[in-house]
Every structure is written in structure tokens, then in C-alpha cells.
>>> print(open('input.csv').read())   # CSV, C-alpha atoms (C1' of nucleotides)
chain,number,residue,atom,x,y,z
Q,7,MET,CA,-0.1,5.8,-3.3
Q,8,LEU,CA,-3.7,4.6,-3.9
Q,9,SER,CA,-4.8,1.0,-3.5
Q,10,ARG,CA,-5.8,-1.0,-6.5
Q,11,ARG,CA,-9.4,-1.0,-5.3
Q,12,CYS,CA,-9.3,2.7,-5.2
Q,13,THR,CA,-8.0,3.2,-8.7
Q,14,TYR,CA,-10.6,0.8,-9.9
Q,15,GLY,CA,-13.3,2.8,-8.1
Q,16,LEU,CA,-12.0,6.0,-9.6
Q,17,GLN,CA,-11.9,4.5,-13.1
Q,18,ALA,CA,-15.4,3.2,-12.9
Q,19,ALA,CA,-16.7,6.5,-11.5
Q,20,LEU,CA,-15.0,8.4,-14.4
Q,21,PHE,CA,-16.5,5.9,-16.8
Q,22,LEU,CA,-20.0,6.5,-15.4
Q,23,ALA,CA,-19.5,10.2,-15.6
Q,24,SER,CA,-18.7,9.9,-19.3
Q,25,GLN,CA,-21.9,7.9,-20.0
Q,26,GLU,CA,-25.5,9.2,-20.4
Q,27,ARG,CA,-26.5,11.1,-17.3
Q,28,GLY,CA,-28.3,9.0,-14.7
Q,29,ALA,CA,-28.3,5.8,-16.8
Q,30,TYR,CA,-27.8,2.5,-15.1
Q,31,ILE,CA,-24.8,0.7,-16.6
Q,32,PRO,CA,-24.2,-3.0,-15.9
Q,33,ILE,CA,-20.9,-3.7,-14.1
Q,34,GLN,CA,-20.2,-6.3,-16.6
Q,35,ARG,CA,-20.0,-3.7,-19.3
Q,36,ILE,CA,-17.8,-1.4,-17.2
Q,37,SER,CA,-15.4,-4.2,-16.5
Q,38,GLU,CA,-15.2,-5.2,-20.1
Q,39,CYS,CA,-14.5,-1.6,-21.3
Q,40,LEU,CA,-11.9,-0.9,-18.7
Q,41,GLY,CA,-10.3,-4.3,-18.8
Q,42,LEU,CA,-10.9,-5.0,-15.1
Q,43,SER,CA,-12.0,-8.2,-13.3
Q,44,PHE,CA,-15.8,-8.2,-13.1
Q,45,HIS,CA,-16.1,-9.9,-9.7
Q,46,PHE,CA,-13.5,-7.7,-8.1
Q,47,LEU,CA,-14.9,-4.5,-9.6
Q,48,THR,CA,-18.4,-5.6,-8.3
Q,49,LYS,CA,-17.1,-5.6,-4.8
Q,50,VAL,CA,-15.5,-2.2,-5.1
Q,51,LEU,CA,-18.7,-0.7,-6.6
Q,52,GLN,CA,-20.8,-2.3,-3.9
Q,53,HIS,CA,-18.6,-0.5,-1.4
Q,54,LEU,CA,-19.2,2.8,-3.2
Q,55,THR,CA,-23.0,2.1,-3.2
Q,56,HIS,CA,-23.0,1.5,0.5
Q,57,HIS,CA,-21.2,4.8,0.9
Q,58,GLY,CA,-24.0,6.6,-1.1
Q,59,LEU,CA,-21.8,7.5,-4.0
Q,60,LEU,CA,-23.5,5.2,-6.4
Q,61,ARG,CA,-27.1,4.0,-6.9
Q,62,SER,CA,-27.7,0.4,-8.0
Q,63,LEU,CA,-30.6,-1.5,-9.6
Q,64,ARG,CA,-30.8,-5.3,-10.1
Q,65,GLY,CA,-32.4,-7.2,-12.9
Q,66,PRO,CA,-32.6,-6.4,-16.6
Q,67,HIS,CA,-31.7,-2.8,-17.5
Q,68,GLY,CA,-30.1,-2.6,-14.1
Q,69,GLY,CA,-26.6,-1.7,-13.2
Q,70,VAL,CA,-25.0,1.1,-11.3
Q,71,ALA,CA,-25.2,4.9,-11.7
Q,72,LEU,CA,-23.7,8.0,-10.0
Q,73,ALA,CA,-25.9,8.9,-7.1
Q,74,ARG,CA,-25.3,12.6,-7.7
Q,75,PRO,CA,-24.5,14.7,-10.7
Q,76,PRO,CA,-20.9,14.3,-11.7
Q,77,GLY,CA,-20.2,17.9,-11.0
Q,78,GLN,CA,-21.0,17.3,-7.3
Q,79,ILE,CA,-18.7,14.3,-6.8
Q,80,THR,CA,-15.1,14.9,-6.0
Q,81,LEU,CA,-12.2,12.5,-6.4
Q,82,LYS,CA,-11.5,12.9,-2.7
Q,83,GLU,CA,-14.9,11.5,-1.7
Q,84,ILE,CA,-14.2,8.4,-3.7
Q,85,VAL,CA,-10.7,8.0,-2.3
Q,86,VAL,CA,-11.8,8.5,1.3
Q,87,ALA,CA,-14.7,6.0,0.8
Q,88,ILE,CA,-12.4,3.3,-0.4
Q,89,ASP,CA,-9.0,3.9,1.2
Q,90,GLY,CA,-10.0,6.0,4.2
Q,91,PRO,CA,-8.8,9.4,5.1
Q,92,ASP,CA,-5.2,8.5,6.0
Q,93,LEU,CA,-3.8,9.8,2.8
Q,94,PHE,CA,-5.1,13.3,3.7
Q,95,GLU,CA,-4.5,13.2,7.4
Q,96,ALA,CA,-1.9,10.7,8.6
Q,97,CYS,CA,1.8,11.4,9.5
Q,98,VAL,CA,4.2,10.7,6.6
Q,99,LEU,CA,6.6,8.9,8.8
Q,100,GLY,CA,3.8,6.8,10.3
Q,101,LEU,CA,4.5,8.0,13.8
Q,102,PRO,CA,1.4,7.3,16.0
Q,103,GLY,CA,1.5,10.3,18.2
Q,104,CYS,CA,2.4,12.9,15.5
Q,105,GLY,CA,0.2,16.0,15.6
Q,106,GLU,CA,0.1,19.6,16.4
Q,107,GLN,CA,1.0,19.0,20.0
Q,108,LYS,CA,3.8,16.5,19.3
Q,109,PRO,CA,4.9,17.2,15.7
Q,110,CYS,CA,7.5,15.0,13.9
Q,111,PRO,CA,10.3,16.8,12.2
Q,112,LEU,CA,8.5,16.6,8.9
Q,113,HIS,CA,5.2,17.7,10.3
Q,114,GLU,CA,5.2,21.3,9.1
Q,115,ASP,CA,6.7,20.6,5.7
Q,116,TRP,CA,4.3,17.8,5.1
Q,117,LYS,CA,1.3,19.9,6.0
Q,118,GLU,CA,2.0,21.9,2.8
Q,119,VAL,CA,2.3,18.8,0.6
Q,120,ARG,CA,-0.8,17.3,2.2
Q,121,GLY,CA,-2.7,20.5,1.4
Q,122,CYS,CA,-1.5,20.2,-2.2
Q,123,LEU,CA,-2.8,16.7,-2.3
Q,124,ARG,CA,-6.1,17.5,-0.7
Q,125,ASN,CA,-6.7,20.5,-3.1
Q,126,ALA,CA,-6.0,18.3,-6.1
Q,127,PHE,CA,-8.4,15.6,-5.0
Q,128,ALA,CA,-11.1,17.7,-3.3
Q,129,GLY,CA,-11.0,20.4,-6.0
Q,130,THR,CA,-11.6,18.0,-8.9
Q,131,THR,CA,-15.0,16.7,-9.7
Q,132,LEU,CA,-15.8,13.9,-12.1
Q,133,ALA,CA,-17.5,16.4,-14.4
Q,134,MET,CA,-14.3,18.5,-14.7
Q,135,LEU,CA,-12.5,15.5,-16.1
Q,136,VAL,CA,-15.0,14.7,-18.8
Q,137,ALA,CA,-16.3,18.2,-19.6
Q,138,GLU,CA,-13.6,19.2,-22.2
Q,139,PRO,CA,-13.9,17.1,-25.3
Q,140,GLU,CA,-10.1,16.8,-25.3
Q,141,ARG,CA,-10.0,15.1,-21.9
Q,142,LEU,CA,-13.0,13.0,-22.7
Q,143,ALA,CA,-11.3,11.7,-25.7
Q,144,ALA,CA,-8.2,11.0,-23.8
Q,145,TRP,CA,-10.1,9.1,-21.2
Q,146,GLN,CA,-12.0,7.0,-23.8
Q,147,ALA,CA,-8.6,6.2,-25.4
Q,148,CYS,CA,-7.6,4.6,-22.1
Q,149,TRP,CA,-10.4,1.9,-22.4
Q,150,THR,CA,-9.4,-1.4,-23.8
Q,151,THR,CA,-12.7,-1.9,-25.5
Q,152,SER,CA,-15.1,0.8,-26.7
Q,153,PRO,CA,-18.6,0.7,-25.1
Q,154,ASP,CA,-20.1,0.7,-28.6
Q,155,ALA,CA,-18.2,-2.4,-29.5
Q,156,ALA,CA,-19.2,-4.0,-26.2
Q,157,SER,CA,-22.9,-3.1,-26.7
Q,158,ALA,CA,-22.8,-4.1,-30.3
Q,159,HIS,CA,-21.5,-7.5,-29.2
Q,160,SER,CA,-24.5,-8.2,-27.0
N,21,MET,CA,1.2,6.5,0.8
N,22,LEU,CA,4.5,5.0,2.0
N,23,SER,CA,5.0,1.3,2.9
N,24,ARG,CA,5.8,0.4,6.5
N,25,ARG,CA,9.2,-0.7,5.5
N,26,CYS,CA,9.8,2.8,4.0
N,27,THR,CA,8.7,4.7,7.1
N,28,TYR,CA,10.9,2.4,9.2
N,29,GLY,CA,13.8,3.2,6.9
N,30,LEU,CA,13.2,6.9,7.1
N,31,GLN,CA,12.9,6.9,10.9
N,32,ALA,CA,16.1,4.9,11.2
N,33,ALA,CA,18.0,7.2,8.8
N,34,LEU,CA,16.7,10.2,10.8
N,35,PHE,CA,17.8,8.6,14.0
N,36,LEU,CA,21.3,8.0,12.6
N,37,ALA,CA,21.5,11.6,11.4
N,38,SER,CA,20.8,12.8,15.0
N,39,GLN,CA,23.6,10.7,16.4
N,40,GLU,CA,27.3,11.4,16.5
N,41,ARG,CA,28.5,11.9,12.9
N,42,GLY,CA,29.9,8.7,11.4
N,43,ALA,CA,29.4,6.5,14.4
N,44,TYR,CA,28.3,2.9,14.0
N,45,ILE,CA,25.0,2.3,15.9
N,46,PRO,CA,23.8,-1.2,16.6
N,47,ILE,CA,20.4,-1.9,15.0
N,48,GLN,CA,19.3,-3.3,18.4
N,49,ARG,CA,19.6,0.2,19.9
N,50,ILE,CA,17.8,1.9,17.0
N,51,SER,CA,14.9,-0.6,17.3
N,52,GLU,CA,14.7,-0.1,21.0
N,53,CYS,CA,14.7,3.7,20.8
N,54,LEU,CA,12.2,3.9,18.0
N,55,GLY,CA,10.0,1.0,19.3
N,56,LEU,CA,10.3,-1.0,16.1
N,57,SER,CA,10.8,-4.7,15.6
N,58,PHE,CA,14.5,-5.5,15.7
N,59,HIS,CA,14.4,-8.3,13.1
N,60,PHE,CA,12.2,-6.4,10.7
N,61,LEU,CA,14.2,-3.3,11.0
N,62,THR,CA,17.3,-5.3,10.3
N,63,LYS,CA,16.0,-6.4,7.0
N,64,VAL,CA,15.0,-2.9,6.0
N,65,LEU,CA,18.4,-1.5,6.9
N,66,GLN,CA,20.2,-4.4,5.1
N,67,HIS,CA,18.3,-3.2,2.1
N,68,LEU,CA,19.5,0.4,2.5
N,69,THR,CA,23.1,-0.9,3.0
N,70,HIS,CA,22.8,-2.8,-0.3
N,71,HIS,CA,21.7,0.4,-2.0
N,72,GLY,CA,24.7,2.2,-0.7
N,73,LEU,CA,22.9,4.5,1.6
N,74,LEU,CA,24.3,3.0,4.8
N,75,ARG,CA,27.6,1.4,5.8
N,76,SER,CA,27.6,-1.5,8.2
N,77,LEU,CA,30.1,-3.2,10.4
N,78,ARG,CA,29.7,-6.5,12.3
N,79,GLY,CA,31.1,-7.4,15.7
N,80,PRO,CA,31.6,-5.5,18.8
N,81,HIS,CA,31.2,-1.7,18.3
N,82,GLY,CA,29.6,-2.5,15.0
N,83,GLY,CA,26.3,-1.4,13.7
N,84,VAL,CA,25.1,0.8,10.9
N,85,ALA,CA,26.0,4.4,9.9
N,86,LEU,CA,25.0,6.8,7.2
N,87,ALA,CA,27.2,6.2,4.1
N,88,ARG,CA,27.4,9.9,3.4
N,89,PRO,CA,27.0,13.1,5.4
N,90,PRO,CA,23.4,13.6,6.3
N,91,GLY,CA,23.3,16.9,4.3
N,92,GLN,CA,23.9,14.8,1.2
N,93,ILE,CA,21.1,12.2,1.7
N,94,THR,CA,17.6,13.2,0.6
N,95,LEU,CA,14.4,11.6,1.7
N,96,LYS,CA,13.6,10.8,-1.9
N,97,GLU,CA,16.7,8.6,-2.2
N,98,ILE,CA,15.5,6.5,0.8
N,99,VAL,CA,11.9,6.3,-0.5
N,100,VAL,CA,13.1,5.2,-4.0
N,101,ALA,CA,15.5,2.7,-2.5
N,102,ILE,CA,12.8,1.0,-0.5
N,103,ASP,CA,9.5,1.6,-2.3
N,104,GLY,CA,10.8,2.2,-5.8
N,105,PRO,CA,10.2,5.2,-8.0
N,106,ASP,CA,6.4,4.7,-8.6
N,107,LEU,CA,5.3,7.3,-6.2
N,108,PHE,CA,7.2,9.9,-8.2
N,109,GLU,CA,6.4,8.5,-11.7
N,110,ALA,CA,3.4,6.3,-12.0
N,111,CYS,CA,-0.1,7.3,-13.1
N,112,VAL,CA,-2.5,8.1,-10.2
N,113,LEU,CA,-5.2,6.0,-11.8
N,114,GLY,CA,-2.9,3.1,-12.3
N,115,LEU,CA,-3.5,3.1,-16.0
N,116,PRO,CA,-0.7,1.1,-17.7
N,117,GLY,CA,-0.3,3.1,-20.9
N,118,CYS,CA,-0.7,6.6,-19.3
N,119,GLY,CA,2.1,9.0,-20.4
N,120,GLU,CA,2.7,12.1,-22.5
N,121,GLN,CA,1.6,10.3,-25.7
N,122,LYS,CA,-1.6,8.8,-24.2
N,123,PRO,CA,-2.4,10.9,-21.1
N,124,CYS,CA,-5.3,10.0,-18.7
N,125,PRO,CA,-7.7,12.8,-17.9
N,126,LEU,CA,-5.8,13.5,-14.7
N,127,HIS,CA,-2.4,13.4,-16.2
N,128,GLU,CA,-1.7,17.1,-16.5
N,129,ASP,CA,-3.2,17.9,-13.1
N,130,TRP,CA,-1.3,15.1,-11.5
N,131,LYS,CA,2.0,16.3,-12.9
N,132,GLU,CA,1.8,19.3,-10.7
N,133,VAL,CA,1.0,17.4,-7.5
N,134,ARG,CA,3.7,14.9,-8.4
N,135,GLY,CA,6.1,17.8,-8.7
N,136,CYS,CA,5.1,19.1,-5.3
N,137,LEU,CA,5.7,15.6,-3.9
N,138,ARG,CA,9.0,15.2,-5.6
N,139,ASN,CA,10.2,18.7,-4.5
N,140,ALA,CA,9.3,17.9,-0.9
N,141,PHE,CA,11.2,14.6,-0.8
N,142,ALA,CA,14.1,15.5,-3.1
N,143,GLY,CA,14.5,18.9,-1.5
N,144,THR,CA,14.8,17.7,2.0
N,145,THR,CA,18.0,16.2,3.4
N,146,LEU,CA,18.3,14.4,6.7
N,147,ALA,CA,20.5,17.2,8.0
N,148,MET,CA,17.8,19.7,7.4
N,149,LEU,CA,15.5,17.8,9.7
N,150,VAL,CA,17.9,17.7,12.6
N,151,ALA,CA,19.8,20.9,12.2
N,152,GLU,CA,17.4,23.2,14.1
N,153,PRO,CA,17.4,22.4,17.8
N,154,GLU,CA,13.6,22.8,17.7
N,155,ARG,CA,13.2,20.0,15.2
N,156,LEU,CA,15.8,17.8,16.8
N,157,ALA,CA,14.0,18.0,20.1
N,158,ALA,CA,10.7,17.3,18.3
N,159,TRP,CA,12.2,14.3,16.7
N,160,GLN,CA,13.7,12.9,19.9
N,161,ALA,CA,10.3,13.4,21.6
N,162,CYS,CA,9.0,10.8,19.1
N,163,TRP,CA,11.2,8.1,20.5
N,164,THR,CA,9.7,5.7,22.9
N,165,THR,CA,13.0,5.3,24.8
N,166,SER,CA,15.9,7.8,24.9
N,167,PRO,CA,19.2,6.5,23.6
N,168,ASP,CA,20.8,7.5,27.0
N,169,ALA,CA,18.4,5.3,28.9
N,170,ALA,CA,19.0,2.5,26.4
N,171,SER,CA,22.8,2.7,26.6
N,172,ALA,CA,22.7,3.1,30.4
N,173,HIS,CA,20.6,-0.1,30.6
N,174,SER,CA,23.3,-2.2,28.9
J,11,DC,C1',-46.1,-17.0,-12.7
J,12,DT,C1',-41.7,-18.3,-15.0
J,13,DG,C1',-37.2,-17.5,-16.7
J,14,DG,C1',-33.4,-14.7,-17.6
J,15,DT,C1',-30.6,-10.7,-16.0
J,16,DT,C1',-28.3,-8.3,-12.7
J,17,DT,C1',-26.6,-6.8,-8.0
J,18,DA,C1',-25.6,-8.6,-3.1
J,19,DG,C1',-23.1,-11.3,-0.2
J,20,DG,C1',-20.1,-14.7,1.5
J,21,DA,C1',-16.6,-18.4,1.1
J,22,DC,C1',-12.5,-19.3,-0.7
J,23,DT,C1',-7.6,-19.0,-3.0
J,24,DC,C1',-3.4,-16.6,-4.2
J,25,DT,C1',0.0,-13.1,-3.6
J,26,DT,C1',2.3,-9.5,-1.2
J,27,DT,C1',3.5,-7.3,3.0
J,28,DT,C1',4.7,-7.6,7.6
J,29,DG,C1',6.8,-9.8,11.2
J,30,DT,C1',9.5,-13.7,13.8
J,31,DC,C1',13.1,-17.0,14.5
J,32,DT,C1',17.3,-19.5,13.7
J,33,DT,C1',21.7,-20.1,11.8
J,34,DT,C1',25.9,-18.3,9.8
J,35,DA,C1',29.7,-15.1,8.9
J,36,DT,C1',32.4,-11.3,10.6
J,37,DT,C1',34.7,-8.4,13.9
J,38,DA,C1',36.8,-6.7,18.2
J,39,DT,C1',38.7,-7.7,22.5
J,40,DA,C1',40.5,-10.2,26.3
O,16,DT,C1',43.0,-18.4,20.3
O,17,DA,C1',38.5,-18.1,22.5
O,18,DT,C1',34.5,-15.5,23.4
O,19,DA,C1',31.1,-12.2,22.9
O,20,DA,C1',28.8,-9.0,19.9
O,21,DT,C1',27.0,-7.8,15.8
O,22,DA,C1',25.1,-7.8,10.8
O,23,DA,C1',23.7,-11.2,7.0
O,24,DA,C1',20.8,-14.5,5.3
O,25,DG,C1',17.1,-17.4,4.8
O,26,DA,C1',13.2,-20.2,6.5
O,27,DC,C1',8.9,-19.6,8.4
O,28,DA,C1',4.3,-17.6,10.2
O,29,DA,C1',0.7,-14.2,10.3
O,30,DA,C1',-2.1,-10.6,8.3
O,31,DA,C1',-3.7,-7.9,4.6
O,32,DG,C1',-4.7,-7.1,-0.2
O,33,DA,C1',-6.2,-8.8,-4.6
O,34,DG,C1',-8.8,-11.7,-7.1
O,35,DT,C1',-12.2,-15.9,-8.1
O,36,DC,C1',-16.4,-18.3,-7.6
O,37,DC,C1',-20.9,-19.7,-6.1
O,38,DT,C1',-25.5,-18.9,-4.3
O,39,DA,C1',-29.2,-15.8,-3.0
O,40,DA,C1',-32.1,-11.9,-3.7
O,41,DA,C1',-34.2,-8.5,-6.6
O,42,DC,C1',-36.0,-7.1,-10.8
O,43,DC,C1',-38.0,-7.1,-15.6
O,44,DA,C1',-40.2,-9.2,-19.6
O,45,DG,C1',-43.0,-12.5,-21.6
>>> encode(input="input.csv", output="C-alpha cells")
Amino acid sequence: MLSRRCTYGLQAALFLASQERGAYIPIQRISECLGLSFHFLTKVLQHLTHHGLLRSLRGPHGGVALARPPGQITLKEIVVAIDGPDLFEACVLGLPGCGEQKPCPLHEDWKEVRGCLRNAFAGTTLAMLVAEPERLAAWQACWTTSPDAASAHS
Amino acid sequence: MLSRRCTYGLQAALFLASQERGAYIPIQRISECLGLSFHFLTKVLQHLTHHGLLRSLRGPHGGVALARPPGQITLKEIVVAIDGPDLFEACVLGLPGCGEQKPCPLHEDWKEVRGCLRNAFAGTTLAMLVAEPERLAAWQACWTTSPDAASAHS
DNA sequence: CTGGTTTAGGACTCTTTTGTCTTTATTATA
DNA sequence: TATAATAAAGACAAAAGAGTCCTAAACCAG
């Protein structure tokens, strides 16, 4: 469904949304908390920075931060930045010419499912996923290491 | 969303559903009509045969045929046979422990989308996609070569 | 200005997916 | 029985995805 790069990007964005607003967080710390490869995550986040979804700062006290308030960043933006728009636009059967003029037999049915998908991703912001204390706790429970433990270790 | 193997499998199954009921069709002909690589398609269809979704027969007048009436084969069966059940079961964020006991922040929202996906694939049979003359024509328009032209050529 | 910290960028490896080719086994027909 | 047609099976090549590593550039603190 989503590439691994994409799930890493979403996880990191969600992580940043759950941290102090606007703070630069080192990628090293994100990778440790989420249990992801540091170097690989670095590439994914560089990609998001190029697409204007993240800001970055080098040097001590540097790191990455959300470029906009988490309430203004949707999951769809992140997915499209990493995996491209195919998930929300391409033919399910992978037929090259499929479209309104030359619809495949699944075209009309799939339009509905695609709408469902698009609504889910475009209608969900990062803020929505960490606003309720319940969800925030659920998210933090997914981390392999707590950020406090990670910062205490340094 | 779906692997290429999977889209090839779906296309071939749909092709068989639009042919004379129960007839063995050579893979060569399928690949020519759909414009797919013969050898690669062969592998995909062997896979579907192993999973009991197709029957096959070697030798002259051999080929592959649907193992059951097209009204009793759903798209979901084909997808699961080729790509596995992940699309309909796994966590969107790719979190290993995500489930009812330890839900990720998207878990509940995603359950709905997943249901939408599952309904679409499990609720659609091959027969439904070729029953209406309109859809059948749309499907045949997707072929690069007509089966008549292909058979006339031999 | 120096040294440590952090992102940026590129080269490289490993794995999976995609695709090709060759050989073998099976079947129908003449 | 001989021949041609066809799926089955496996070896191989090419491309993309995933992941590692190293060097450079930027930044901050002393």
C-alpha cells in the first residue's frame, strides 16, 4: 500500500507533531525513539525538507521541525511528497489508458474507493492524531524507546 | 497499491471471464491481447493455478481457464493469492505491534478505510465486471489486440 | 578561530521485484 | 509412434527499493 520510506516519513512527522511546537529535533533522536535506521530516515526526511514540509537546521541544537503547524499538514501531503500521487489517481488495474474517456471495467467502482482513500488521508492532519490524550498515549506506546530515556541517556 | 504481478493476474482473470465459459485459452494469446510479457504472465498464472483459482492443460488446445464460474471468483481472492492479505489486514503505518490491544493513532480511522477496500474487492466478482455489455465493451477496448485478430493471425 | 554536532549529498551494497530465456514434461493429433 | 503445441520449472539479467557508510557543509559554543 505505502512504501517503507512513506511509512517512515509519516511516523517521523507524527513524532514531530507530538513534540514541543516548532522545536528542532535531531534525526538521531527520532530514529532511536522509533527504532528506525538513522541513515535511511535521514534520506526520507531530507526529501520532506526539499518538499517544504519540514525545516532543518545543522549544528548543535539543530535537527528537523515541521515547517507548518501540525494542524495544517495532512497525511496526504506527506504520502504524495514521498510516494507520488499514484495512490490517489492511478488505475487499480494499472491500465495505462484508463480514464474517463476510456474507463476500465473497474473505473467507476474504484472512483468511490479512491474517494474514500483520499478523504481519509486528505482529511486527517497531524494535529488530529495527537490532539486527544488517548491517541497521543497510543502513539507514544508505539515507540520502542521513550524520548525521555533517549535524552536522559545523552 | 497493487504489485504489477497482481494487476497482471487480475487482467488475465478478467480476460478469461470474458471468453467462452470453461474454455482453455493459451497464455500466449492472453499475453498478446493484453500486451503483457508472455513469460512473466506465465509465472503469475502458474501461481494462480497453484492456488486453485485457475485450471491448466498442456499440449494442443491447452491453456488456462477459470477453475470456478466467474460469478464465484472475487477480486479479493486473486489479490490475496498474489500479494497476500497485507492490504486488507496490515497497519497503514507499518507498525509491527499495531492491533486492537496496542492501536496506532490511525488504527480506528484506518479500520473504516480498510473495510471500504475489503468490500470493494470482496464484493466484486469477475462476472459482475463483464456481465453488462457496456462494461464488457469497455474492457475489450483496453486490449491492445483483439482476440479475433490474434486468432486470425495464427 | 577551533572543535564538536548535526544535516546534506553521494557512493555503495543488499534484497526484492520485474522480466527474459532455456529446458523439460505433458497432451492432442496425424 | 512421431510431431507439434502448450504449461511447468528453474536459471539468469535488469531495475527498483531498502539500507549502509563516508565525506562535505553548516552551525554553535568555547
>>> interface_residues(input="input.csv", of="chain N", to="chain Q", cutoff="8 Å", atoms="all atoms listed in the file", output="number ranges by chain")
N: 21-22, 24, 27-28, 30-31, 107, 112-115, 117-118, 122-126, 129-130, 133, 136-137, 140, 149-150, 155-156, 158-159, 161-162
>>> write_last_selection(input="input.csv", atoms="C-alpha atoms", output="short mmCIF file (atom, residue, chain, number, x, y, z; two decimals), in the coordinates of the input")
data_model
loop_
_atom_site.label_atom_id
_atom_site.label_comp_id
_atom_site.auth_asym_id
_atom_site.auth_seq_id
_atom_site.Cartn_x
_atom_site.Cartn_y
_atom_site.Cartn_z
CA MET N 21 1.20 6.50 0.80
CA LEU N 22 4.50 5.00 2.00
CA ARG N 24 5.80 0.40 6.50
CA THR N 27 8.70 4.70 7.10
CA TYR N 28 10.90 2.40 9.20
CA LEU N 30 13.20 6.90 7.10
CA GLN N 31 12.90 6.90 10.90
CA LEU N 107 5.30 7.30 -6.20
CA VAL N 112 -2.50 8.10 -10.20
CA LEU N 113 -5.20 6.00 -11.80
CA GLY N 114 -2.90 3.10 -12.30
CA LEU N 115 -3.50 3.10 -16.00
CA GLY N 117 -0.30 3.10 -20.90
CA CYS N 118 -0.70 6.60 -19.30
CA LYS N 122 -1.60 8.80 -24.20
CA PRO N 123 -2.40 10.90 -21.10
CA CYS N 124 -5.30 10.00 -18.70
CA PRO N 125 -7.70 12.80 -17.90
CA LEU N 126 -5.80 13.50 -14.70
CA ASP N 129 -3.20 17.90 -13.10
CA TRP N 130 -1.30 15.10 -11.50
CA VAL N 133 1.00 17.40 -7.50
CA CYS N 136 5.10 19.10 -5.30
CA LEU N 137 5.70 15.60 -3.90
CA ALA N 140 9.30 17.90 -0.90
CA LEU N 149 15.50 17.80 9.70
CA VAL N 150 17.90 17.70 12.60
CA ARG N 155 13.20 20.00 15.20
CA LEU N 156 15.80 17.80 16.80
CA ALA N 158 10.70 17.30 18.30
CA TRP N 159 12.20 14.30 16.70
CA ALA N 161 10.30 13.40 21.60
CA CYS N 162 9.00 10.80 19.10
#
>>> residues_around(input="input.csv", residues="stretch 37-46 of chain N", least_positions_apart="2", cutoff="7 Å", atoms="all atoms listed in the file", output="number ranges by chain")
N: 33-35, 48-50, 81-86, 90, 146-147, 150
>>> interface_residues(input="input.csv", of="chain J", to="chain Q", cutoff="10 Å", atoms="only C-alpha atoms (C1' of nucleotides)", output="list in words")
DG14, DT15, DT16, DT17, DA18 and DG19 of chain J
>>> interface_residues(input="input.csv", of="chain O", to="chain Q", cutoff="12 Å", atoms="only C-alpha atoms (C1' of nucleotides)", output="VMD selection string")
chain O and resid 32 to 37 40 to 44
>>> atom_distance(input="input.csv", atom1="atom CA of N:Leu95", atom2="atom CA of N:Gly143")
8.0 Å
>>> atom_distance(input="input.csv", atom1="atom CA of Q:Arg61", atom2="atom CA of Q:Thr150")
25.1 Å
>>> atom_distance(input="input.csv", atom1="atom CA of N:Leu36", atom2="atom CA of N:Ala87")
10.5 Å
>>> closest_residue(input="input.csv", among="N:Ile102, N:His70, N:Glu109, N:Ser51", to="N:Gly135", atoms="all atoms listed in the file")
N:Glu109
